file structure-v6.txt (compact mmCIF, N, CA and C atoms)
# COMPACT_ATOMS: atom_id res chain seq x y z
N MET D 1 86.84 127.37 110.14
CA MET D 1 85.54 127.59 109.51
C MET D 1 84.63 126.39 109.78
N PHE D 2 83.43 126.65 110.05
CA PHE D 2 82.42 125.65 110.37
C PHE D 2 81.65 125.32 109.09
N GLU D 3 81.93 124.16 108.48
CA GLU D 3 81.31 123.77 107.21
C GLU D 3 80.07 122.94 107.45
N LYS D 4 79.05 123.17 106.64
CA LYS D 4 77.83 122.38 106.69
C LYS D 4 78.03 121.07 105.96
N ASP D 5 77.68 119.99 106.61
CA ASP D 5 77.65 118.67 105.97
C ASP D 5 76.18 118.41 105.63
N LEU D 6 75.84 118.57 104.36
CA LEU D 6 74.44 118.51 103.97
C LEU D 6 73.82 117.13 104.11
N THR D 7 74.64 116.10 104.28
CA THR D 7 74.06 114.78 104.54
C THR D 7 73.37 114.74 105.90
N VAL D 8 73.74 115.65 106.77
CA VAL D 8 73.11 115.72 108.09
C VAL D 8 71.62 116.07 107.94
N GLY D 9 71.27 116.83 106.92
CA GLY D 9 69.86 117.14 106.67
C GLY D 9 69.03 115.89 106.45
N THR D 10 69.61 114.92 105.73
CA THR D 10 68.93 113.65 105.52
C THR D 10 68.81 112.89 106.84
N LEU D 11 69.88 112.88 107.61
CA LEU D 11 69.83 112.20 108.90
C LEU D 11 68.81 112.86 109.82
N LEU D 12 68.69 114.16 109.72
CA LEU D 12 67.70 114.89 110.51
C LEU D 12 66.29 114.44 110.14
N ASP D 13 66.05 114.20 108.85
CA ASP D 13 64.75 113.70 108.42
C ASP D 13 64.45 112.34 109.04
N PHE D 14 65.44 111.48 109.11
CA PHE D 14 65.23 110.12 109.63
C PHE D 14 65.19 110.05 111.14
N TYR D 15 66.06 110.77 111.80
CA TYR D 15 66.24 110.60 113.24
C TYR D 15 65.96 111.85 114.07
N GLY D 16 65.51 112.91 113.45
CA GLY D 16 65.34 114.18 114.15
C GLY D 16 64.42 114.11 115.36
N GLU D 17 63.46 113.22 115.32
CA GLU D 17 62.50 113.13 116.42
C GLU D 17 63.12 112.64 117.73
N VAL D 18 64.31 112.03 117.67
CA VAL D 18 64.94 111.56 118.91
C VAL D 18 65.72 112.67 119.60
N LEU D 19 65.96 113.77 118.89
CA LEU D 19 66.64 114.91 119.51
C LEU D 19 65.68 115.65 120.43
N SER D 20 66.23 116.41 121.35
CA SER D 20 65.38 117.25 122.18
C SER D 20 64.70 118.27 121.28
N GLU D 21 63.59 118.79 121.72
CA GLU D 21 62.86 119.78 120.92
C GLU D 21 63.75 120.98 120.61
N HIS D 22 64.53 121.40 121.59
CA HIS D 22 65.42 122.55 121.42
C HIS D 22 66.49 122.26 120.37
N ALA D 23 67.15 121.11 120.49
CA ALA D 23 68.20 120.76 119.53
C ALA D 23 67.61 120.58 118.12
N ARG D 24 66.46 119.93 118.04
CA ARG D 24 65.83 119.72 116.73
C ARG D 24 65.47 121.05 116.09
N SER D 25 64.96 121.97 116.89
CA SER D 25 64.60 123.29 116.38
C SER D 25 65.83 124.02 115.83
N ILE D 26 66.92 123.97 116.55
CA ILE D 26 68.15 124.62 116.11
C ILE D 26 68.68 123.95 114.85
N MET D 27 68.65 122.64 114.80
CA MET D 27 69.11 121.91 113.62
C MET D 27 68.25 122.25 112.40
N GLU D 28 66.96 122.35 112.59
CA GLU D 28 66.07 122.70 111.47
C GLU D 28 66.33 124.12 110.99
N CYS D 29 66.59 125.03 111.93
CA CYS D 29 66.92 126.40 111.54
C CYS D 29 68.20 126.43 110.71
N TYR D 30 69.18 125.64 111.13
CA TYR D 30 70.48 125.65 110.48
C TYR D 30 70.46 124.91 109.14
N TYR D 31 69.88 123.70 109.13
CA TYR D 31 69.94 122.87 107.92
C TYR D 31 68.76 123.09 106.97
N CYS D 32 67.59 123.33 107.49
CA CYS D 32 66.41 123.45 106.62
C CYS D 32 66.14 124.91 106.23
N ASP D 33 66.26 125.81 107.21
CA ASP D 33 65.96 127.22 106.96
C ASP D 33 67.20 128.01 106.54
N ASP D 34 68.37 127.37 106.62
CA ASP D 34 69.65 127.96 106.21
C ASP D 34 69.97 129.26 106.96
N LEU D 35 69.63 129.29 108.25
CA LEU D 35 69.99 130.44 109.07
C LEU D 35 71.44 130.31 109.52
N SER D 36 72.09 131.43 109.74
CA SER D 36 73.47 131.43 110.22
C SER D 36 73.49 131.17 111.72
N LEU D 37 74.68 130.86 112.22
CA LEU D 37 74.83 130.66 113.66
C LEU D 37 74.42 131.92 114.42
N GLY D 38 74.80 133.08 113.89
CA GLY D 38 74.45 134.35 114.54
C GLY D 38 72.95 134.58 114.56
N GLU D 39 72.27 134.27 113.47
CA GLU D 39 70.82 134.46 113.42
C GLU D 39 70.12 133.52 114.40
N ILE D 40 70.57 132.29 114.46
CA ILE D 40 69.97 131.33 115.39
C ILE D 40 70.25 131.76 116.82
N ALA D 41 71.48 132.19 117.09
CA ALA D 41 71.85 132.63 118.44
C ALA D 41 70.96 133.79 118.89
N GLU D 42 70.75 134.74 117.99
CA GLU D 42 69.89 135.88 118.32
C GLU D 42 68.46 135.44 118.60
N ASN D 43 67.93 134.55 117.76
CA ASN D 43 66.55 134.07 117.94
C ASN D 43 66.39 133.27 119.22
N GLU D 44 67.42 132.50 119.58
CA GLU D 44 67.34 131.61 120.74
C GLU D 44 67.81 132.28 122.04
N GLY D 45 68.45 133.43 121.91
CA GLY D 45 68.95 134.13 123.09
C GLY D 45 70.15 133.45 123.72
N ILE D 46 70.97 132.79 122.87
CA ILE D 46 72.19 132.14 123.35
C ILE D 46 73.35 132.60 122.47
N SER D 47 74.56 132.22 122.85
CA SER D 47 75.74 132.64 122.09
C SER D 47 75.89 131.81 120.81
N ARG D 48 76.67 132.34 119.88
CA ARG D 48 76.97 131.60 118.65
C ARG D 48 77.67 130.30 119.00
N GLN D 49 78.57 130.35 119.99
CA GLN D 49 79.28 129.15 120.43
C GLN D 49 78.30 128.12 121.00
N GLY D 50 77.29 128.60 121.71
CA GLY D 50 76.26 127.69 122.23
C GLY D 50 75.50 127.00 121.11
N VAL D 51 75.18 127.76 120.08
CA VAL D 51 74.49 127.19 118.92
C VAL D 51 75.39 126.15 118.25
N ARG D 52 76.65 126.51 118.04
CA ARG D 52 77.59 125.59 117.40
C ARG D 52 77.72 124.31 118.20
N HIS D 53 77.80 124.43 119.52
CA HIS D 53 77.92 123.26 120.39
C HIS D 53 76.69 122.35 120.24
N ILE D 54 75.51 122.93 120.24
CA ILE D 54 74.28 122.14 120.10
C ILE D 54 74.26 121.44 118.75
N ILE D 55 74.65 122.14 117.69
CA ILE D 55 74.66 121.55 116.35
C ILE D 55 75.65 120.39 116.28
N LYS D 56 76.86 120.60 116.78
CA LYS D 56 77.89 119.54 116.74
C LYS D 56 77.44 118.31 117.54
N LYS D 57 76.84 118.53 118.70
CA LYS D 57 76.36 117.41 119.53
C LYS D 57 75.23 116.67 118.82
N ALA D 58 74.29 117.40 118.25
CA ALA D 58 73.17 116.78 117.54
C ALA D 58 73.67 116.03 116.31
N GLU D 59 74.63 116.61 115.58
CA GLU D 59 75.20 115.91 114.42
C GLU D 59 75.82 114.59 114.85
N ALA D 60 76.57 114.60 115.94
CA ALA D 60 77.19 113.37 116.43
C ALA D 60 76.13 112.35 116.82
N ASP D 61 75.06 112.80 117.46
CA ASP D 61 73.98 111.89 117.84
C ASP D 61 73.32 111.28 116.61
N LEU D 62 73.07 112.10 115.59
CA LEU D 62 72.44 111.60 114.36
C LEU D 62 73.35 110.62 113.63
N ARG D 63 74.63 110.91 113.58
CA ARG D 63 75.57 109.99 112.92
C ARG D 63 75.67 108.67 113.68
N PHE D 64 75.64 108.74 115.01
CA PHE D 64 75.67 107.53 115.83
C PHE D 64 74.46 106.65 115.51
N LEU D 65 73.28 107.27 115.46
CA LEU D 65 72.07 106.51 115.14
C LEU D 65 72.14 105.88 113.75
N GLU D 66 72.65 106.62 112.79
CA GLU D 66 72.77 106.08 111.43
C GLU D 66 73.77 104.92 111.41
N GLU D 67 74.86 105.07 112.15
CA GLU D 67 75.85 104.00 112.21
C GLU D 67 75.24 102.73 112.79
N LYS D 68 74.41 102.87 113.79
CA LYS D 68 73.81 101.71 114.45
C LYS D 68 72.61 101.16 113.69
N LEU D 69 71.78 102.03 113.12
CA LEU D 69 70.53 101.60 112.49
C LEU D 69 70.59 101.55 110.96
N GLY D 70 71.31 102.45 110.36
CA GLY D 70 71.49 102.45 108.92
C GLY D 70 70.25 102.71 108.09
N LEU D 71 69.26 103.39 108.66
CA LEU D 71 68.01 103.61 107.94
C LEU D 71 68.16 104.51 106.72
N ALA D 72 68.94 105.56 106.83
CA ALA D 72 69.12 106.48 105.70
C ALA D 72 69.85 105.79 104.56
N ALA D 73 70.88 105.01 104.87
CA ALA D 73 71.62 104.29 103.83
C ALA D 73 70.72 103.24 103.17
N ARG D 74 69.94 102.56 103.96
CA ARG D 74 69.03 101.55 103.42
C ARG D 74 68.00 102.21 102.50
N PHE D 75 67.48 103.34 102.91
CA PHE D 75 66.51 104.06 102.10
C PHE D 75 67.14 104.50 100.78
N ALA D 76 68.37 104.99 100.83
CA ALA D 76 69.06 105.42 99.61
C ALA D 76 69.26 104.25 98.65
N ARG D 77 69.64 103.09 99.19
CA ARG D 77 69.81 101.90 98.33
C ARG D 77 68.48 101.47 97.73
N LEU D 78 67.41 101.54 98.50
CA LEU D 78 66.08 101.18 98.00
C LEU D 78 65.65 102.11 96.88
N ARG D 79 65.86 103.41 97.06
CA ARG D 79 65.50 104.38 96.01
C ARG D 79 66.33 104.15 94.75
N GLU D 80 67.59 103.84 94.93
CA GLU D 80 68.45 103.59 93.77
C GLU D 80 67.98 102.35 93.01
N ALA D 81 67.66 101.28 93.72
CA ALA D 81 67.17 100.06 93.07
C ALA D 81 65.84 100.31 92.38
N ALA D 82 64.96 101.06 93.01
CA ALA D 82 63.66 101.38 92.41
C ALA D 82 63.86 102.21 91.14
N GLY D 83 64.81 103.12 91.16
CA GLY D 83 65.11 103.92 89.97
C GLY D 83 65.61 103.05 88.83
N ALA D 84 66.46 102.08 89.14
CA ALA D 84 66.95 101.16 88.11
C ALA D 84 65.81 100.33 87.54
N LEU D 85 64.91 99.89 88.41
CA LEU D 85 63.74 99.14 87.93
C LEU D 85 62.84 100.00 87.05
N GLN D 86 62.70 101.26 87.42
CA GLN D 86 61.88 102.16 86.59
C GLN D 86 62.49 102.32 85.20
N ASP D 87 63.81 102.37 85.13
CA ASP D 87 64.47 102.44 83.82
C ASP D 87 64.16 101.20 82.99
N LEU D 88 64.19 100.04 83.64
CA LEU D 88 63.89 98.80 82.93
C LEU D 88 62.44 98.77 82.45
N VAL D 89 61.52 99.22 83.29
CA VAL D 89 60.11 99.27 82.91
C VAL D 89 59.94 100.18 81.70
N ARG D 90 60.58 101.32 81.73
CA ARG D 90 60.50 102.26 80.61
C ARG D 90 61.00 101.62 79.32
N ASP D 91 62.12 100.88 79.42
CA ASP D 91 62.66 100.18 78.25
C ASP D 91 61.68 99.13 77.74
N MET D 92 61.06 98.41 78.67
CA MET D 92 60.09 97.37 78.28
C MET D 92 58.89 98.00 77.57
N GLN D 93 58.43 99.12 78.09
CA GLN D 93 57.26 99.78 77.50
C GLN D 93 57.56 100.29 76.10
N GLN D 94 58.77 100.71 75.87
CA GLN D 94 59.12 101.27 74.56
C GLN D 94 59.37 100.19 73.51
N SER D 95 59.84 99.04 73.92
CA SER D 95 60.24 98.04 72.93
C SER D 95 59.47 96.73 73.02
N GLY D 96 58.47 96.66 73.88
CA GLY D 96 57.83 95.39 74.13
C GLY D 96 56.60 95.10 73.30
N THR D 97 56.18 93.86 73.40
CA THR D 97 54.94 93.41 72.78
C THR D 97 53.78 93.79 73.68
N ALA D 98 52.58 93.45 73.26
CA ALA D 98 51.39 93.73 74.07
C ALA D 98 51.49 93.01 75.41
N GLU D 99 52.03 91.79 75.39
CA GLU D 99 52.17 91.01 76.62
C GLU D 99 53.15 91.67 77.58
N THR D 100 54.30 92.12 77.07
CA THR D 100 55.27 92.79 77.95
C THR D 100 54.76 94.16 78.38
N GLN D 101 53.91 94.76 77.57
CA GLN D 101 53.31 96.04 77.93
C GLN D 101 52.46 95.89 79.19
N VAL D 102 51.62 94.84 79.23
CA VAL D 102 50.78 94.57 80.39
C VAL D 102 51.65 94.28 81.61
N PHE D 103 52.68 93.46 81.42
CA PHE D 103 53.60 93.14 82.51
C PHE D 103 54.29 94.39 83.02
N SER D 104 54.75 95.24 82.13
CA SER D 104 55.47 96.45 82.55
C SER D 104 54.53 97.41 83.29
N GLU D 105 53.27 97.46 82.91
CA GLU D 105 52.31 98.31 83.62
C GLU D 105 52.08 97.80 85.04
N ARG D 106 52.01 96.50 85.21
CA ARG D 106 51.84 95.92 86.55
C ARG D 106 53.09 96.19 87.39
N LEU D 107 54.24 96.02 86.77
CA LEU D 107 55.50 96.29 87.46
C LEU D 107 55.60 97.76 87.86
N GLN D 108 55.18 98.64 86.99
CA GLN D 108 55.21 100.07 87.30
C GLN D 108 54.29 100.40 88.46
N ALA D 109 53.12 99.77 88.52
CA ALA D 109 52.19 100.00 89.63
C ALA D 109 52.82 99.55 90.95
N CYS D 110 53.53 98.44 90.94
CA CYS D 110 54.22 97.98 92.14
C CYS D 110 55.31 98.96 92.55
N LEU D 111 56.08 99.42 91.60
CA LEU D 111 57.12 100.41 91.88
C LEU D 111 56.56 101.69 92.45
N ASP D 112 55.44 102.16 91.89
CA ASP D 112 54.80 103.38 92.39
C ASP D 112 54.41 103.21 93.85
N THR D 113 53.89 102.04 94.18
CA THR D 113 53.51 101.75 95.58
C THR D 113 54.72 101.76 96.49
N ILE D 114 55.79 101.14 96.04
CA ILE D 114 57.01 101.10 96.85
C ILE D 114 57.55 102.52 97.07
N LEU D 115 57.62 103.28 96.01
CA LEU D 115 58.18 104.64 96.13
C LEU D 115 57.30 105.55 96.94
N LYS D 116 56.00 105.36 96.87
CA LYS D 116 55.06 106.18 97.63
C LYS D 116 55.20 105.90 99.13
N ASN D 117 55.49 104.65 99.48
CA ASN D 117 55.58 104.25 100.88
C ASN D 117 57.01 104.29 101.42
N ALA D 118 57.96 104.56 100.56
CA ALA D 118 59.37 104.56 101.01
C ALA D 118 59.71 105.88 101.67

call {"tool": "encode", "arguments": {"input": "structure-v6.txt", "output": "structure tokens"}}
result
Amino acid sequence: MFEKDLTVGTLLDFYGEVLSEHARSIMECYYCDDLSLGEIAENEGISRQGVRHIIKKAEADLRFLEEKLGLAARFARLREAAGALQDLVRDMQQSGTAETQVFSERLQACLDTILKNA
């Protein structure tokens, strides 16, 4: 059985542009549009085995890039740290003085900027 590794969808978001247009299109059909191998094969005019081969090769390419560059893992760590900071800001806003309120609002604005650009 050919199981979907949904983490590949994240890798596709980060590194999909380095794949050929054909491979990227097939990967998007499979991971984003949730089409079956048979549906993709019919749309592309190739065999199911051909689709599976393209997907497996593209997955390996995406994993190789992540292993070398680590952008998706870095992004996940950044989002996790930002989430923890947001929890702290929320705690400060609920229990703080007027001075900590101003500080927490400035901190929240910085976090919003980071998350918007991440």

call {"tool": "residues_around", "arguments": {"input": "structure-v6.txt", "residues": "stretch 38-48 of chain D", "least_positions_apart": "5", "cutoff": "8 Å", "atoms": "only C-alpha atoms", "output": "list in words"}}
result
Ile26, Cys29 and Tyr30 of chain D

call {"tool": "closest_residue", "arguments": {"input": "structure-v6.txt", "among": "D:Lys57, D:Arg63, D:Ser104, D:Ala109", "to": "D:Met92", "atoms": "all atoms listed in the file"}}
result
D:Ser104

call {"tool": "select_by_dssp", "arguments": {"input": "structure-v6.txt", "residues": "chain D", "states": "helix (DSSP H, G or I)", "output": "PyMOL selection string"}}
result
chain D and resi 7-18+21-32+37-44+48-69+71-95+98-117

call {"tool": "atom_distance", "arguments": {"input": "structure-v6.txt", "atom1": "atom C of D:Leu12", "atom2": "atom CA of D:Leu35"}}
result
16.5 Å

call {"tool": "atom_distance", "arguments": {"input": "structure-v6.txt", "atom1": "atom CA of D:Ala84", "atom2": "atom CA of D:Asn117"}}
result
17.4 Å

call {"tool": "atom_distance", "arguments": {"input": "structure-v6.txt", "atom1": "atom CA of D:Leu65", "atom2": "atom CA of D:Asp5"}}
result
16.2 Å

call {"tool": "residues_around", "arguments": {"input": "structure-v6.txt", "residues": "D:Glu59", "least_positions_apart": "6", "cutoff": "9 Å", "atoms": "only C-alpha atoms", "output": "mmCIF file with N, CA and C atoms, keeping the file's coordinate frame"}}
result
data_model
loop_
_atom_site.group_PDB
_atom_site.id
_atom_site.type_symbol
_atom_site.label_atom_id
_atom_site.label_comp_id
_atom_site.auth_asym_id
_atom_site.auth_seq_id
_atom_site.Cartn_x
_atom_site.Cartn_y
_atom_site.Cartn_z
ATOM 1 N N VAL D 8 73.740 115.650 106.770
ATOM 2 C CA VAL D 8 73.110 115.720 108.090
ATOM 3 C C VAL D 8 71.620 116.070 107.940
ATOM 4 N N LEU D 11 69.880 112.880 107.610
ATOM 5 C CA LEU D 11 69.830 112.200 108.900
ATOM 6 C C LEU D 11 68.810 112.860 109.820
ATOM 7 N N LEU D 12 68.690 114.160 109.720
ATOM 8 C CA LEU D 12 67.700 114.890 110.510
ATOM 9 C C LEU D 12 66.290 114.440 110.140
ATOM 10 N N MET D 27 68.650 122.640 114.800
ATOM 11 C CA MET D 27 69.110 121.910 113.620
ATOM 12 C C MET D 27 68.250 122.250 112.400
#

call {"tool": "residues_around", "arguments": {"input": "structure-v6.txt", "residues": "stretch 68-80 of chain D", "least_positions_apart": "6", "cutoff": "8 Å", "atoms": "all atoms listed in the file", "output": "list in words"}}
result
Thr10, Leu11, Phe14, Tyr15, Leu62, Gln86, Leu115 and Ala118 of chain D
